[in-house]
Amino acid sequence: MISSSSSSSSSSTTTTTTTSTADQTDGTSIAAVPHDIITTHILTRLDGPTLASTACASPTLHTLCTEEKLWRDICASTWTSINDPRIQHVISAFPTGYRSFFSDSFPATLRGPPPHVNRPSPIPELISAIDIWYKNKIIFSKVEITETVRKDFLDPPLWIDLLRREEKVPVPAPAPAPTKFEANNDGFFSDLEESMRLSWILIDPTQNRSVNLSSQRPVSVERHYTPEEVQLTYVTVLPGSSRVGSSDPVQCRIMVTCGGEEGGEMHVREVNMQVQDMDGFNLSGEDSLVILQGAMGCERRMQVKGRERYEEFLEMKRERRKRIERREKRVDLVCLIIRVIIFVILLYGLLG
């Protein structure tokens, strides 16, 4: 018994000493490296999620990883559109500047109900920062400001359109030659699905919050109204709100229409965004504003699974449709029984 106790005590002491030594070694090894070396030669090579994870490793790294310049450079290299002076001015008002903006704007799965507020704070405008890449090369970048207090925004279905009529954006290939439009080639659709990425960051300059509304890659690529057009659809599923009549999830749909003559140069012809409920109806600007402001305050998970989340949404729509059909069948059956009863009563009255 004594031997066992001594052994246990010795083992505990050894474990404690080892752990303490490891912690001390880790601390010494970090402190031994000059901070400017860590910042200049190591941290600048990390992307945003990795930098955020590194900040949790030690107090020293946390201090180094929260430098504003690091996050400003990461944001600028991730989204070309935020180099616009108007966006930079808005980001400067975020709680921790570019670090807060990156945390809000990095693509993520939005989960859980939005934070409960009696009524969202009125905002005079929404700012959209949009970037489109083809084969990892930026082909379109724009900042769009949408006034949200006008009646023509609040009442009709929300529709934010980025390109004016007849405005076209060429899609260059990695080589000097332009990308060819080949709607009759099945591989063309697969290439667009894999190679055309989109980011749509929506910013609330009043509350200093933002959210990325794009699934990054399209959830569908299909022919549009004419043989000369192909439509790519990007979808993010957003939590609903009882303030707009239903807590069921809704979808933010971003449509990119590409077109051109077969074998000719491909152009982006349309880029627009809308919000739809589970029945496929477009929400008004006022209701969409409630949903979008709620999305900015939702819990975020970095594991982005745009297509999987969209398929979950479609399954929910199918289940909802089945429930409605079953309810309608029950109502029809009740109505039929009532009509039969009325008919029997009338017939009994006539024969009596």
# chains A, B, ... in the order shown; residues from 1 in each chain; ligands from 1
$ residues_around --residues "A:Lys142" --least-positions-apart "5" --cutoff "9 Å" --atoms "only C-alpha atoms" --output "mmCIF file with C-alpha atoms, in the first residue's frame"
data_model
loop_
_atom_site.group_PDB
_atom_site.id
_atom_site.type_symbol
_atom_site.label_atom_id
_atom_site.label_comp_id
_atom_site.auth_asym_id
_atom_site.auth_seq_id
_atom_site.Cartn_x
_atom_site.Cartn_y
_atom_site.Cartn_z
ATOM 1 C CA THR A 80 -11.273 43.872 -53.758
ATOM 2 C CA SER A 81 -14.447 45.919 -53.298
ATOM 3 C CA ILE A 82 -13.612 47.033 -49.756
ATOM 4 C CA ASP A 84 -13.379 51.687 -51.877
ATOM 5 C CA SER A 128 -23.330 46.207 -50.713
ATOM 6 C CA ALA A 129 -19.745 45.207 -51.521
ATOM 7 C CA ILE A 130 -19.746 42.663 -54.358
ATOM 8 C CA ASP A 131 -16.884 40.706 -55.908
ATOM 9 C CA LEU A 162 -26.068 45.985 -59.991
#
$ residues_around --residues "A:Leu163" --least-positions-apart "3" --cutoff "12 Å" --atoms "only C-alpha atoms" --output "ChimeraX atom specification"
/A:130,140-144,160,166-169,255-257,267-273
$ closest_residue --among "A:Glu125, A:Asp73, A:Glu299, A:Asp155" --to "A:Asp104" --atoms "only C-alpha atoms"
A:Glu299
$ atom_distance --atom1 "atom CA of A:Asp279" --atom2 "atom CA of A:Thr226"
25.9 Å
$ residues_around --residues "A:Gln216" --least-positions-apart "2" --cutoff "6 Å" --atoms "only C-alpha atoms" --output "JSON, numbers by chain"
{"A": [197, 198, 199, 214]}
$ select_by_dssp --residues "stretch 155-282 of chain A" --states "strand (DSSP E or B)" --output "ChimeraX atom specification"
/A:157,160-161,169-170,172,178,180,196-204,209-212,216,220-223,229-238,241,246,250-259,265,267-276,282
$ select_by_dssp --residues "stretch 70-264 of chain A" --states "alpha helix (DSSP H)" --output "NGL selection string"
:A and (70-78 or 85-91 or 98-105 or 151-154 or 186-195)
$ atom_distance --atom1 "atom CA of A:Arg99" --atom2 "atom CA of A:Trp71"
5.5 Å
$ closest_residue --among "A:Arg164, A:Arg86, A:Arg223, A:Lys329" --to "A:Phe188" --atoms "only C-alpha atoms"
A:Arg223
$ residues_around --residues "stretch 311-323 of chain A" --least-positions-apart "2" --cutoff "12 Å" --atoms "only C-alpha atoms" --output "NGL selection string"
:A and (219-220 or 235-239 or 248-252 or 276-280 or 305-309 or 325-330)
$ closest_residue --among "A:Val290, A:Ile324, A:Ile38, A:Val275" --to "A:Pro157" --atoms "only C-alpha atoms"
A:Val275
$ residues_around --residues "stretch 88-96 of chain A" --least-positions-apart "5" --cutoff "12 Å" --atoms "only C-alpha atoms" --output "VMD selection string"
chain A and resid 66 to 69 71 to 72 75 to 76 79 to 83 101 to 105 126 to 129 143 202 to 210
$ closest_residue --among "A:Val244, A:Cys298, A:Val344, A:Ala183" --to "A:Leu283" --atoms "only C-alpha atoms"
A:Val244
$ closest_residue --among "A:Arg253, A:Glu147, A:Ser247, A:Leu192" --to "A:Val221" --atoms "only C-alpha atoms"
A:Leu192
$ residues_around --residues "A:Ile139" --least-positions-apart "6" --cutoff "7 Å" --atoms "only C-alpha atoms" --output "list in words"
Ile132, Trp133 and Val171 of chain A
